[in-house]
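These notes are about the structure you will find just below.
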Amino acid sequence: APAPAAPRALLCALLAAAAAVAAEGGRALPQLSDDIPFRVNWPGTEFSLPTTGVLYREDNYIIMTTVDKEKYKCILPLIASGNEEEEKDYKGPTPGELLEPLFKQSSCSYRIESYWTYEVCHGKHIRQYHEEKETGQKINIQEYYLGNMMIKNPLSEPDQEEKENPKESAKEIPTKNIEGQMTPYYPVEMGNGTPCSLRQNLPRSSTVMYICHPEAKHEILSVAEVTTCEYEVVILTPLLCNHPKYRFRASPVNDIFCQSLPGSPLKPHNLEQLEKQQEMMKMPFRRVKEEEMHSTKEEKFSSIHKPVAVGSHQLLTVGTTHISKLTDDQLIKEFLSGSYCFHGGVGWWKYEFCYGKYVHQYHEDKESGKTSVVVGTWSKEEHIEWSRKNAARTYYLREDGTQTVRMVSHFYGNGDVCDLTDKPRQVTVKLKCKESDSPHAVTIYMLEPHSCQYILGVESPVICKILDTADEYGLLSVPS
């Protein structure tokens, strides 16, 4: 959260003064940046400097005087960005060498969207495809290659340069903004994909960005078309985490310790007053804040939410959340009864789906409160009528000749009236089995193929457990 005006002004003054001191002493201080967080502490005179984490030295201080003539000795951190020493001393494998096992194994990663499936075969190609699997008919595949590896060993060139020219290894590592944090990545270029008719049949091309994540299994985090027929594919991998410059870590908060000098209060008087005012302003909202904090503890950090174009439709939102770990049986009962609702979506609109009840689209604003739109409401009779003309169940043909339910579709009509069509909104909810390392992960996306007629995709391992209970209308029940 941004610092209040007075403390922020104080912090800026401290850092500016520190930069001036550093300039006089010939020591380079990192450029002032919001990427590096600082916090001002007021420890009093009896105080020992921390010996772990960010480095401090007794003689690395400045004297600050407030407008009320209060004086403070402020001890500054020596290394503002944390792990620079470790990074400088690193002599281990290059990022390319760390990723080499992934390329040698010729392994592939997949991401399933509502229509397209994305396949990244590391060091070989990126493919986008859609399979039509109808019982008793041959499989029809629509596919595009978004890039192919153009050199035999994709990892040799940049690493060779790095070893031969030490200056190259000091060059800045590219970063990408992922959920508000600038994250370092290792890029691998792929070209020579399927010709693009929108660009005079030039071949499609992609940049694969490998990012360290210690718990990942080489998942495709996102696929985005940054310009026509040019793509960015983000891969989460634990292999890069052994390199300190690519390591997954929260930005360290750099403490500045300001000790009051004789005759001055522990903390500046004006700052004390400001903090009291802010505390008073927070009081009416405290209960809400605590509730919000409690609910967010139920969820874990998940994969990144990234809008992408799917076919000719715009994929409005996509994201994965990890629902609280109720026991599976209890969770399934609560979901099917409509008492446990799934939430998803990023950006302005979020989505709430309560099985057998409704689909809502909502936006929460601190000033104006909650704006909610009813996208569709459940009527069993309307759904059954809809299912007579549409496929409520989609099957997957196994290799042994048996078939299993792959997806069920449910119709929710009678939503709020749409300004563009003067008709009620309606949504088809597609419930799909999606295996995941987290048994309680839920991915939700929404499409709008026609004005105010939506498709809500809900994918989860939870759904895998109940799909085979679907009746002829696609209605689900608790497994026996």
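How things are named: the first chain in the structure tokens is A, the next is B, and so on; residues count from 1 in each chain; ligands count from 1 in the order shown.
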
Discussion item. Give me, as a ChimeraX atom specification, all polymer residues having an atom no more than 10 Å from Gly356 (chain A), counting only C-alpha atoms and skipping those fewer than 2 positions away in the same chain.
Written reply: /A:335-339,353-354,358-359,377-380,410-412,475-476

Considering only C-alpha atoms, return as a PDB file with C-alpha atoms, in the first residue's frame whatever protein or nucleic-acid residues lie within 7 Å of Val120 (chain A), sequence-local ones (same chain, fewer than 2 positions apart) excluded.
ATOM      1  CA  CYS A 108       5.565 -31.092 -23.507  1.00  0.00           C
ATOM      2  CA  SER A 109       3.294 -28.833 -21.446  1.00  0.00           C
ATOM      3  CA  TYR A 110      -0.387 -28.192 -22.120  1.00  0.00           C
ATOM      4  CA  TYR A 118      -1.956 -25.024 -26.321  1.00  0.00           C
ATOM      5  CA  HIS A 122      10.164 -27.567 -25.015  1.00  0.00           C
ATOM      6  CA  HIS A 125       7.503 -26.314 -31.134  1.00  0.00           C
ATOM      7  CA  ILE A 126       4.388 -24.509 -29.886  1.00  0.00           C
ATOM      8  CA  ARG A 127       1.057 -25.697 -31.261  1.00  0.00           C
TER       9      ARG A 127
END

Fill in: Top pick for closest residue to Glu46 (chain A), considering A:Leu274, A:Leu261, A:Leu331, A:Leu456 and counting only C-alpha atoms
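Among the listed residues, the smallest separation from Glu46 (chain A) belongs to A:Leu261.
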
When you look at Glu131 (chain A) with a cut-off of 9 Å (counting only C-alpha atoms), what residues show up, excluding the ones that are within fewer than 4 positions of it in the same chain? I need them as a CSV table (one decimal) with N, CA and C atoms, in the first residue's frame.
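Generated file (selection04.csv):
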chain,number,residue,atom,x,y,z
A,115,TYR,N,-11.8,-23.4,-26.0
A,115,TYR,CA,-11.9,-23.9,-27.4
A,115,TYR,C,-10.5,-24.5,-27.8
A,116,TRP,N,-9.5,-23.7,-27.6
A,116,TRP,CA,-8.1,-24.2,-28.0
A,116,TRP,C,-7.4,-24.9,-26.9
A,117,THR,N,-6.5,-25.8,-27.3
A,117,THR,CA,-5.5,-26.4,-26.4
A,117,THR,C,-4.2,-25.9,-26.9
A,139,ILE,N,-11.7,-38.1,-36.0
A,139,ILE,CA,-11.3,-36.9,-35.3
A,139,ILE,C,-10.9,-35.8,-36.3
A,140,ASN,N,-11.5,-34.7,-36.1
A,140,ASN,CA,-11.1,-33.5,-37.0
A,140,ASN,C,-10.3,-32.6,-36.2
A,141,ILE,N,-9.1,-32.3,-36.7
A,141,ILE,CA,-8.2,-31.4,-35.9
A,141,ILE,C,-7.9,-30.1,-36.7
A,142,GLN,N,-8.1,-29.0,-36.0
A,142,GLN,CA,-7.8,-27.6,-36.5
A,142,GLN,C,-6.6,-27.2,-35.7
A,143,GLU,N,-5.5,-26.9,-36.4
A,143,GLU,CA,-4.2,-26.5,-35.7
A,143,GLU,C,-3.4,-25.5,-36.4

Item to complete: Pick out the residues sitting within 9 Å of region 386-390 of chain A, and hand them over as a list in words; count only C-alpha atoms, and ignore anything fewer than 3 positions along from it in its own chain.
Response: Glu381, Glu382, His383, Arg393, Ser409, His410, Phe411, Glu472, Tyr473 and Gly474 of chain A

Worksheet item: Got a sec: who's within 10 Å of Leu198 (chain A), counting only C-alpha atoms, leaving out chain neighbours fewer than 3 positions off, as a list in words?
Response: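 Those residues are Pro195, Asn201, Leu202, Thr228 and Cys229 of chain A.
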
For the residues in the current selection, export all heavy atoms as a short mmCIF file (atom, residue, chain, number, x, y, z; two decimals), in the first residue's frame.
data_model
loop_
_atom_site.label_atom_id
_atom_site.label_comp_id
_atom_site.auth_asym_id
_atom_site.auth_seq_id
_atom_site.Cartn_x
_atom_site.Cartn_y
_atom_site.Cartn_z
N PRO A 195 2.08 -19.99 -41.55
CA PRO A 195 1.94 -18.66 -42.18
C PRO A 195 0.68 -17.94 -41.70
O PRO A 195 -0.35 -18.55 -41.48
CB PRO A 195 1.86 -18.98 -43.68
CG PRO A 195 2.57 -20.29 -43.81
CD PRO A 195 2.27 -21.05 -42.56
N ASN A 201 1.21 -13.62 -45.11
CA ASN A 201 1.70 -14.99 -44.98
C ASN A 201 3.07 -15.12 -44.31
O ASN A 201 3.79 -16.11 -44.50
CB ASN A 201 1.71 -15.71 -46.33
CG ASN A 201 0.33 -16.24 -46.67
OD1 ASN A 201 -0.53 -16.37 -45.79
ND2 ASN A 201 0.11 -16.55 -47.93
N LEU A 202 3.44 -14.11 -43.52
CA LEU A 202 4.66 -14.23 -42.71
C LEU A 202 4.45 -15.33 -41.68
O LEU A 202 3.33 -15.51 -41.18
CB LEU A 202 4.96 -12.91 -41.99
CG LEU A 202 5.64 -11.81 -42.80
CD1 LEU A 202 5.66 -10.52 -42.01
CD2 LEU A 202 7.08 -12.22 -43.14
N THR A 228 -0.26 -9.06 -33.94
CA THR A 228 -0.85 -10.06 -34.82
C THR A 228 0.13 -11.18 -35.14
O THR A 228 1.22 -10.94 -35.67
CB THR A 228 -1.32 -9.38 -36.13
OG1 THR A 228 -2.21 -8.34 -35.78
CG2 THR A 228 -2.06 -10.37 -37.02
N CYS A 229 -0.25 -12.40 -34.76
CA CYS A 229 0.52 -13.63 -35.04
C CYS A 229 1.90 -13.66 -34.37
O CYS A 229 2.78 -14.42 -34.78
CB CYS A 229 0.63 -13.88 -36.54
SG CYS A 229 -0.98 -14.23 -37.29
#

Item to complete: Show which residues sit within 9 Å of Tyr185 (chain A), as number ranges by chain. Count only C-alpha atoms, and ignore same-chain residues fewer than 4 positions away.
Response: A: 173-176, 209-212, 234, 240, 246

Those same residues, written as an mmCIF file, in the first residue's frame with C-alpha atoms?
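New file out-v5.cif:
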data_model
loop_
_atom_site.group_PDB
_atom_site.id
_atom_site.type_symbol
_atom_site.label_atom_id
_atom_site.label_comp_id
_atom_site.auth_asym_id
_atom_site.auth_seq_id
_atom_site.Cartn_x
_atom_site.Cartn_y
_atom_site.Cartn_z
ATOM 1 C CA ILE A 173 17.869 -9.734 -17.201
ATOM 2 C CA PRO A 174 14.477 -9.050 -18.810
ATOM 3 C CA THR A 175 11.458 -8.884 -16.498
ATOM 4 C CA LYS A 176 7.705 -9.224 -16.917
ATOM 5 C CA MET A 209 9.489 -16.940 -21.188
ATOM 6 C CA TYR A 210 10.730 -19.350 -18.529
ATOM 7 C CA ILE A 211 10.056 -18.166 -14.958
ATOM 8 C CA CYS A 212 11.211 -19.694 -11.676
ATOM 9 C CA VAL A 234 4.989 -17.929 -20.013
ATOM 10 C CA LEU A 240 15.572 -21.814 -12.867
ATOM 11 C CA TYR A 246 15.848 -15.768 -11.368
#

Discussion item. Restricting the calculation to only C-alpha atoms: of A:Gly376, A:Ile178, A:Glu385, A:Ile332, which residue gets closest to Ser477 (chain A)?
Written reply: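 Ranking A:Gly376, A:Ile178, A:Glu385, A:Ile332 by distance to Ser477 (chain A), first place goes to A:Ile332.
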
Discussion item. Rounded to one decimal, what separation in Å do you get between CA of Cys258 (chain A) and CA of Thr45 (chain A)?
Written reply: 9.3 Å

Discussion item. Taking 4 positions as the minimum chain separation for residues in the same chain, which residues sit within 8 Å of Asp255 (chain A) when counting only C-alpha atoms? Answer as a PyMOL selection string.
Written reply: chain A and resi 38-41+76-77

Worksheet item: In terms of the shortest atom-to-atom distance over only C-alpha atoms, which of A:Ser206, A:Arg247, A:Gly147, A:Glu189 is closest to Thr227 (chain A)?
Response: A:Ser206

Worksheet item: With distances taken over only C-alpha atoms, which of A:Leu98, A:Val188, A:Ile235, A:Val373 is nearest to Arg425 (chain A)?
Response: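 Once distances to Arg425 (chain A) are computed over only C-alpha atoms, the minimum belongs to A:Val373.
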